[in-house]
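Notes follow once the structure below has been shown.
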Amino acid sequence: MNSPTTAANVQATIEQLWVYPIKSCGGVALTEAELTDTGLAYDRAWMVVDAEGEFVTQRELPRMALIQPAFKHGQLVLRAPGMLALHLSLEAAEWPQKVRVWSDTVLAYDMGDVAAQWFSDFLGPDAPADLKRLRLVRFDPEVKRACDARWTGGREANTQFADGFGLLVTSTASLAELNERLAKAGEAPVTMQRFRPNIVLGGIEAHDEDRLGAMTIITGADAAAVIEPVKPCARCPIPNIDPATAASTPAVSDVLQSYRQDPRVNGAITFGMNAMVLQGDGQLLRLAQRVVADWRFEG
């Protein structure tokens with residue numbers, strides 16, 4: 001008799017793993033990442049805020065794309081053009097502060113004046129008047145920030161500073177299709193970094209991730225993690241921003257508009273699926289791990 005993993009309709013592999021330690025700053029490509037109940041460890045654990053504690057992203061400050069994080073010797077190391085590197089201990093946090101991300105007000109921890117000055121010095125000169133003075137905050141792990149229950153089927157799911165869900169899943173085939181369409185439109189290809197996914201699947205067709213049910217990731221001989229894609233990821237203008245230059249052009253959104261309007265989110269342009277963690281807190285996801293799933297059929 002076939003096991004559930006061999007009988008599944010869809011067989012894929014993990015081709016890329018990404019975390020974005022600071023919301024809306026650069027990503028870190030990993031060979032392995034710890035899965036937690038809020039997504040991948042250290043993903044969107046920090047966030048830039050204004051003087052009022054309101055979150056700030058590339059929508060307001062495209063140069064955030066040029067801030068490149070790295071993990072080194074128990075530190076988060078931040079680099080940006082023209083700046084000395086900023087080293088932050090992965091265990092560091094200063095004083096508590098209330099901050100706002102979308103409609104949620106949550107307790108976080110300020111990362112101190114040195115970090116605040118670094119972000120203000122790099123981002124402030126080109127920022128509007130109300131964004132000249134910035135601070136860096138860290139999510140309080142004791143806080144539960146709930147995902148939208150309308151998409152989780154009423155099941156509990158939490159995230160940190162991500163827009164709405166702890167994981168974003170897409171596929172190499174989806175990006176390949178977009179780049180084919182960009183080429184036909186006379187535009188240059190783009191990289192996956194523009195879409196800021198956590199898990200990139202190989203071995204499936206373009207946008208198959210849109211139709212997958214719960215995904216079992218084989219993490220060991222007798223171990224598995226389970227995540228479930230639940231909401232199409234509606235796209236703002238951030239994918240138009242080149243992560244290498246912070247320059248923005250409308251080409252990506254224009255091409256996506258021609259074929260990626262999704263009725264499930266009122267016709268918004270979508271790319272990738274937001275997912276929730278069902279099982280596997282503390283397990284390690286690695287490149288090349290097998291992923292199995294069945295198709296999701298919606299009534």
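Chain identifiers are assigned as A, B, and so on, following the order in which chains appear in the structure tokens; residues are numbered from 1 within each chain, and ligands are numbered from 1 in order of appearance.
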
Can you tell me, as a compact mmCIF listing (two decimals) with N, CA and C atoms, in the first residue's frame, what residues are no more than 12 Å from region 145-159 of chain A when counting only C-alpha atoms, ignoring any on the same chain fewer than 5 positions away?
```
# COMPACT_ATOMS: atom_id res chain seq x y z
N THR A 36 9.23 27.85 13.15
CA THR A 36 8.58 28.15 14.42
C THR A 36 7.09 28.30 14.18
N ASP A 37 6.34 28.48 15.24
CA ASP A 37 4.90 28.61 15.03
C ASP A 37 4.50 29.94 14.39
N THR A 38 5.46 30.88 14.26
CA THR A 38 5.18 32.14 13.58
C THR A 38 5.88 32.24 12.23
N GLY A 39 6.48 31.16 11.75
CA GLY A 39 7.19 31.18 10.47
C GLY A 39 8.62 30.73 10.66
N LEU A 40 9.54 31.24 9.84
CA LEU A 40 10.94 30.88 9.98
C LEU A 40 11.60 31.75 11.04
N ALA A 41 12.51 31.17 11.78
CA ALA A 41 13.18 31.89 12.86
C ALA A 41 13.85 33.15 12.33
N TYR A 42 13.67 34.24 13.06
CA TYR A 42 14.25 35.56 12.78
C TYR A 42 13.62 36.25 11.57
N ASP A 43 12.58 35.70 11.00
CA ASP A 43 11.94 36.37 9.87
C ASP A 43 11.02 37.48 10.37
N ARG A 44 11.25 38.69 9.86
CA ARG A 44 10.47 39.88 10.25
C ARG A 44 10.39 40.01 11.77
N ALA A 45 11.50 39.73 12.44
CA ALA A 45 11.56 39.87 13.89
C ALA A 45 11.86 41.31 14.29
N ARG A 100 2.98 50.10 15.87
CA ARG A 100 1.82 49.77 15.05
C ARG A 100 2.28 49.19 13.71
N VAL A 101 1.72 48.05 13.35
CA VAL A 101 1.94 47.45 12.04
C VAL A 101 0.58 47.15 11.45
N TRP A 102 0.25 47.84 10.36
CA TRP A 102 -1.09 47.82 9.80
C TRP A 102 -2.12 48.17 10.88
N SER A 103 -3.10 47.35 11.14
CA SER A 103 -4.12 47.70 12.12
C SER A 103 -3.82 47.18 13.52
N ASP A 104 -2.65 46.57 13.69
CA ASP A 104 -2.30 45.97 14.98
C ASP A 104 -1.35 46.86 15.77
N THR A 105 -1.68 47.13 17.00
CA THR A 105 -0.78 47.78 17.94
C THR A 105 -0.26 46.72 18.90
N VAL A 106 1.06 46.55 18.94
CA VAL A 106 1.66 45.48 19.74
C VAL A 106 2.83 46.02 20.54
N LEU A 107 3.18 45.29 21.57
CA LEU A 107 4.35 45.64 22.37
C LEU A 107 5.59 45.07 21.71
N ALA A 108 6.61 45.92 21.57
CA ALA A 108 7.90 45.51 21.02
C ALA A 108 9.00 46.05 21.92
N PHE A 139 10.32 42.49 17.79
CA PHE A 139 9.06 41.90 18.22
C PHE A 139 9.23 41.24 19.59
N ASP A 140 8.24 41.42 20.44
CA ASP A 140 8.24 40.77 21.75
C ASP A 140 7.74 39.34 21.58
N GLY A 164 0.88 39.78 7.14
CA GLY A 164 -0.33 39.13 7.63
C GLY A 164 -0.16 37.68 8.05
N PHE A 165 0.81 36.98 7.46
CA PHE A 165 1.00 35.56 7.73
C PHE A 165 2.47 35.25 7.88
N GLY A 166 2.76 34.14 8.57
CA GLY A 166 4.13 33.82 8.93
C GLY A 166 4.99 33.29 7.81
N LEU A 167 4.40 32.79 6.73
CA LEU A 167 5.17 32.21 5.63
C LEU A 167 4.62 32.68 4.30
N LEU A 168 5.52 32.84 3.34
CA LEU A 168 5.12 33.10 1.96
C LEU A 168 5.77 32.06 1.08
N ALA A 214 -2.74 21.45 2.28
CA ALA A 214 -1.67 21.36 3.27
C ALA A 214 -0.44 20.66 2.68
N ILE A 227 2.66 22.77 6.59
CA ILE A 227 2.22 24.14 6.44
C ILE A 227 1.07 24.16 5.43
N GLU A 228 0.23 25.15 5.54
CA GLU A 228 -0.93 25.20 4.63
C GLU A 228 -1.06 26.56 3.97
N PRO A 229 -0.99 26.62 2.64
CA PRO A 229 -1.27 27.88 1.95
C PRO A 229 -2.74 28.24 2.12
N VAL A 230 -3.00 29.47 2.58
CA VAL A 230 -4.39 29.83 2.88
C VAL A 230 -4.88 31.09 2.19
N LYS A 231 -3.97 32.00 1.82
CA LYS A 231 -4.42 33.26 1.23
C LYS A 231 -3.48 33.70 0.11
N PRO A 232 -4.01 34.00 -1.07
CA PRO A 232 -3.17 34.55 -2.13
C PRO A 232 -2.52 35.86 -1.66
N CYS A 233 -1.27 36.06 -2.03
CA CYS A 233 -0.54 37.25 -1.59
C CYS A 233 -0.78 38.40 -2.56
N ARG A 264 -10.22 35.77 -5.74
CA ARG A 264 -10.30 35.43 -4.32
C ARG A 264 -9.98 36.61 -3.42
N VAL A 265 -9.27 37.59 -3.97
CA VAL A 265 -8.94 38.80 -3.20
C VAL A 265 -9.40 40.03 -3.98
N MET A 273 1.68 32.46 -2.20
CA MET A 273 0.60 32.17 -1.26
C MET A 273 1.10 32.36 0.18
N ASN A 274 0.31 33.09 0.95
CA ASN A 274 0.54 33.16 2.39
C ASN A 274 0.15 31.82 3.02
N ALA A 275 0.97 31.36 3.97
CA ALA A 275 0.75 30.06 4.56
C ALA A 275 0.85 30.13 6.08
N MET A 276 0.20 29.17 6.74
CA MET A 276 0.25 29.06 8.19
C MET A 276 0.92 27.74 8.58
N VAL A 277 1.52 27.72 9.76
CA VAL A 277 2.21 26.53 10.26
C VAL A 277 1.21 25.67 11.02
N LEU A 278 1.07 24.42 10.60
CA LEU A 278 0.19 23.48 11.29
C LEU A 278 0.94 22.53 12.20
N GLN A 279 2.19 22.22 11.82
CA GLN A 279 2.96 21.22 12.58
C GLN A 279 4.44 21.41 12.28
```

Output as CSV one row per residue of region 161-188 of chain A within 12 Å of region 47-57 of chain A: the closest atom pair and its distance in Å to one decimal place, counting only C-alpha atoms, sorted by chain and residue number ascending.
```
residue,atom,partner,partner_atom,distance
A:Phe161,CA,A:Met47,CA,6.9
A:Ala162,CA,A:Met47,CA,9.4
A:Asp163,CA,A:Thr57,CA,10.6
```

Resulting file, chosen residues, all heavy atoms, as a CSV table (one decimal), in the first residue's frame:
```csv
chain,number,residue,atom,x,y,z
A,161,PHE,N,6.3,40.5,12.6
A,161,PHE,CA,6.0,41.8,11.9
A,161,PHE,C,5.7,41.6,10.4
A,161,PHE,O,5.6,42.6,9.6
A,161,PHE,CB,7.2,42.7,12.0
A,161,PHE,CG,7.3,43.3,13.4
A,161,PHE,CD1,8.6,43.4,14.0
A,161,PHE,CD2,6.3,43.9,14.0
A,161,PHE,CE1,8.7,44.0,15.2
A,161,PHE,CE2,6.4,44.4,15.3
A,161,PHE,CZ,7.6,44.5,15.9
A,162,ALA,N,5.5,40.3,9.9
A,162,ALA,CA,5.1,40.2,8.5
A,162,ALA,C,3.7,40.8,8.3
A,162,ALA,O,3.0,41.1,9.2
A,162,ALA,CB,5.0,38.7,8.2
A,163,ASP,N,3.4,41.1,7.0
A,163,ASP,CA,2.2,41.8,6.7
A,163,ASP,C,1.0,41.1,7.3
A,163,ASP,O,0.1,41.7,7.9
A,163,ASP,CB,2.0,42.0,5.2
A,163,ASP,CG,2.8,43.2,4.7
A,163,ASP,OD1,3.3,43.9,5.5
A,163,ASP,OD2,2.8,43.4,3.5
```

Taking the chain letters and numbering used in this document, name the residues of region 104-215 of chain A that DSSP puts in strand (DSSP E), as number ranges by chain. A: 104-110, 135-139, 145-146, 158-159, 167-171, 199-202, 212-215

Select from region 53-150 of chain A every residue with an atom at most 7 Å from any atom of region 16-30 of chain A, then for each give the shortest pair of atoms and their distance in Å to one decimal, using only C-alpha atoms, rows by chain and rising number, as a tab-separated table.
```
residue	atom	partner	partner_atom	distance
A:Thr57	CA	A:Ser24	CA	5.2
A:Gln58	CA	A:Ser24	CA	5.9
A:Met64	CA	A:Cys25	CA	5.1
A:Ala65	CA	A:Cys25	CA	4.9
A:Leu66	CA	A:Gly26	CA	6.6
A:Ile67	CA	A:Cys25	CA	5.5
A:Gln68	CA	A:Gly26	CA	4.8
A:Pro69	CA	A:Gly26	CA	6.3
A:Ala70	CA	A:Val28	CA	6.4
```

How would the residues just picked look written out with C-alpha atoms as an mmCIF file, in the first residue's frame?
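This went into part-v5.cif:
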```cif
data_model
loop_
_atom_site.group_PDB
_atom_site.id
_atom_site.type_symbol
_atom_site.label_atom_id
_atom_site.label_comp_id
_atom_site.auth_asym_id
_atom_site.auth_seq_id
_atom_site.Cartn_x
_atom_site.Cartn_y
_atom_site.Cartn_z
ATOM 1 C CA THR A 57 8.476 50.057 4.579
ATOM 2 C CA GLN A 58 9.851 50.371 1.064
ATOM 3 C CA MET A 64 15.340 50.205 2.693
ATOM 4 C CA ALA A 65 15.913 47.618 -0.052
ATOM 5 C CA LEU A 66 19.632 48.462 0.038
ATOM 6 C CA ILE A 67 20.036 47.494 3.708
ATOM 7 C CA GLN A 68 21.526 44.017 3.606
ATOM 8 C CA PRO A 69 21.458 41.835 6.732
ATOM 9 C CA ALA A 70 23.632 38.831 7.531
#
```

Give the answer as one residue: which of A:His207, A:Arg63, A:Lys98, A:Arg135 has the shortest atom-to-atom distance to Val114 (chain A), using only C-alpha atoms? A:Arg135

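Nearest to Pro263 (chain A) of all the residues A:Ala8, A:Leu175, A:Ala234, A:Ala251 is A:Ala234, counting only C-alpha atoms.
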
Helix (DSSP H, G or I) positions in region 12-252 of chain A, given as a ChimeraX atom specification: /A:62-66,113-126,129-131,149-152,172-184,192-195,208-211,238-240,251-252

For the residues selected in the previous step, produce a file with C-alpha atoms as a PDB file, in the first residue's frame.
```
ATOM      1  CA  PRO A  62      12.597  52.484  -1.218  1.00  0.00           C
ATOM      2  CA  ARG A  63      16.211  52.728  -0.013  1.00  0.00           C
ATOM      3  CA  MET A  64      15.340  50.205   2.693  1.00  0.00           C
ATOM      4  CA  ALA A  65      15.913  47.618  -0.052  1.00  0.00           C
ATOM      5  CA  LEU A  66      19.632  48.462   0.038  1.00  0.00           C
ATOM      6  CA  ASP A 113      19.961  54.898  20.136  1.00  0.00           C
ATOM      7  CA  VAL A 114      22.901  53.589  18.112  1.00  0.00           C
ATOM      8  CA  ALA A 115      20.599  51.546  15.866  1.00  0.00           C
ATOM      9  CA  ALA A 116      18.166  54.450  15.622  1.00  0.00           C
ATOM     10  CA  GLN A 117      20.931  56.810  14.519  1.00  0.00           C
ATOM     11  CA  TRP A 118      22.207  54.316  11.927  1.00  0.00           C
ATOM     12  CA  PHE A 119      18.799  53.983  10.259  1.00  0.00           C
ATOM     13  CA  SER A 120      18.133  57.727  10.466  1.00  0.00           C
ATOM     14  CA  ASP A 121      21.525  58.535   8.930  1.00  0.00           C
ATOM     15  CA  PHE A 122      21.035  56.156   6.008  1.00  0.00           C
ATOM     16  CA  LEU A 123      17.347  56.628   5.275  1.00  0.00           C
ATOM     17  CA  GLY A 124      16.647  60.092   6.653  1.00  0.00           C
ATOM     18  CA  PRO A 125      18.344  62.344   4.068  1.00  0.00           C
ATOM     19  CA  ASP A 126      15.954  61.303   1.292  1.00  0.00           C
ATOM     20  CA  ALA A 129       9.999  65.340   7.003  1.00  0.00           C
ATOM     21  CA  ASP A 130       8.025  62.977   9.237  1.00  0.00           C
ATOM     22  CA  LEU A 131      10.407  60.092   8.488  1.00  0.00           C
ATOM     23  CA  ALA A 149      -9.139  34.148  11.009  1.00  0.00           C
ATOM     24  CA  ARG A 150     -11.221  34.614   7.846  1.00  0.00           C
ATOM     25  CA  TRP A 151      -8.420  32.844   5.959  1.00  0.00           C
ATOM     26  CA  THR A 152      -7.277  30.372   8.605  1.00  0.00           C
ATOM     27  CA  THR A 172      10.753  28.933  -9.428  1.00  0.00           C
ATOM     28  CA  ALA A 173       8.311  28.189 -12.251  1.00  0.00           C
ATOM     29  CA  SER A 174       6.143  31.159 -11.287  1.00  0.00           C
ATOM     30  CA  LEU A 175       9.102  33.512 -11.553  1.00  0.00           C
ATOM     31  CA  ALA A 176      10.179  31.902 -14.845  1.00  0.00           C
ATOM     32  CA  GLU A 177       6.747  32.561 -16.336  1.00  0.00           C
ATOM     33  CA  LEU A 178       6.840  36.193 -15.248  1.00  0.00           C
ATOM     34  CA  ASN A 179      10.294  36.636 -16.764  1.00  0.00           C
ATOM     35  CA  GLU A 180       9.117  35.112 -20.041  1.00  0.00           C
ATOM     36  CA  ARG A 181       6.288  37.636 -20.147  1.00  0.00           C
ATOM     37  CA  LEU A 182       8.636  40.484 -19.226  1.00  0.00           C
ATOM     38  CA  ALA A 183      10.948  39.470 -22.076  1.00  0.00           C
ATOM     39  CA  LYS A 184       8.056  39.528 -24.541  1.00  0.00           C
ATOM     40  CA  MET A 192      12.998  36.274  -6.710  1.00  0.00           C
ATOM     41  CA  GLN A 193      14.129  38.833  -4.121  1.00  0.00           C
ATOM     42  CA  ARG A 194      11.480  41.248  -5.393  1.00  0.00           C
ATOM     43  CA  PHE A 195       8.734  38.954  -4.111  1.00  0.00           C
ATOM     44  CA  ASP A 208       0.659  25.521  -8.807  1.00  0.00           C
ATOM     45  CA  GLU A 209       1.244  26.842  -5.290  1.00  0.00           C
ATOM     46  CA  ASP A 210      -2.069  28.700  -5.662  1.00  0.00           C
ATOM     47  CA  ARG A 211      -3.953  25.397  -5.667  1.00  0.00           C
ATOM     48  CA  ILE A 238       7.204  46.857  -3.803  1.00  0.00           C
ATOM     49  CA  PRO A 239       7.995  44.230  -6.525  1.00  0.00           C
ATOM     50  CA  ASN A 240       8.648  47.181  -8.861  1.00  0.00           C
ATOM     51  CA  ALA A 251       7.111  47.065 -15.509  1.00  0.00           C
ATOM     52  CA  VAL A 252       6.613  44.212 -13.043  1.00  0.00           C
TER      53      VAL A 252
END
```

Top pick for closest residue to Glu205 (chain A), considering A:Ser171, A:Arg286, A:Ala93, A:Gly186 and counting only C-alpha atoms: A:Ser171

Which residue gives the smallest distance to Asn198 (chain A) among A:Val255, A:Ala246, A:Val169, A:Val143, with only C-alpha atoms counted?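 Of A:Val255, A:Ala246, A:Val169, A:Val143, the one nearest Asn198 (chain A), counting only C-alpha atoms, is A:Val169.
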
Could you list, as an NGL selection string, every residue within 8 Å of Ile14 (chain A), counting only C-alpha atoms and ignoring same-chain residues fewer than 5 positions away? :A and (199-202 or 286-291)

Record the distance separating CA of Gln257 (chain A) and CA of Leu212 (chain A), expressed in Å with one decimal.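 CA of Leu212 (chain A) lies 22.6 Å from CA of Gln257 (chain A).
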
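With CA of Gly112 (chain A) on one side and CA of Lys144 (chain A) on the other, the separation reads 23.2 Å.
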
Atomic separation - CA of Leu76 (chain A) relative to CA of Thr170 (chain A), Å: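 Answer for the CA of Thr170 (chain A) to CA of Leu76 (chain A) separation: 26.0 Å.
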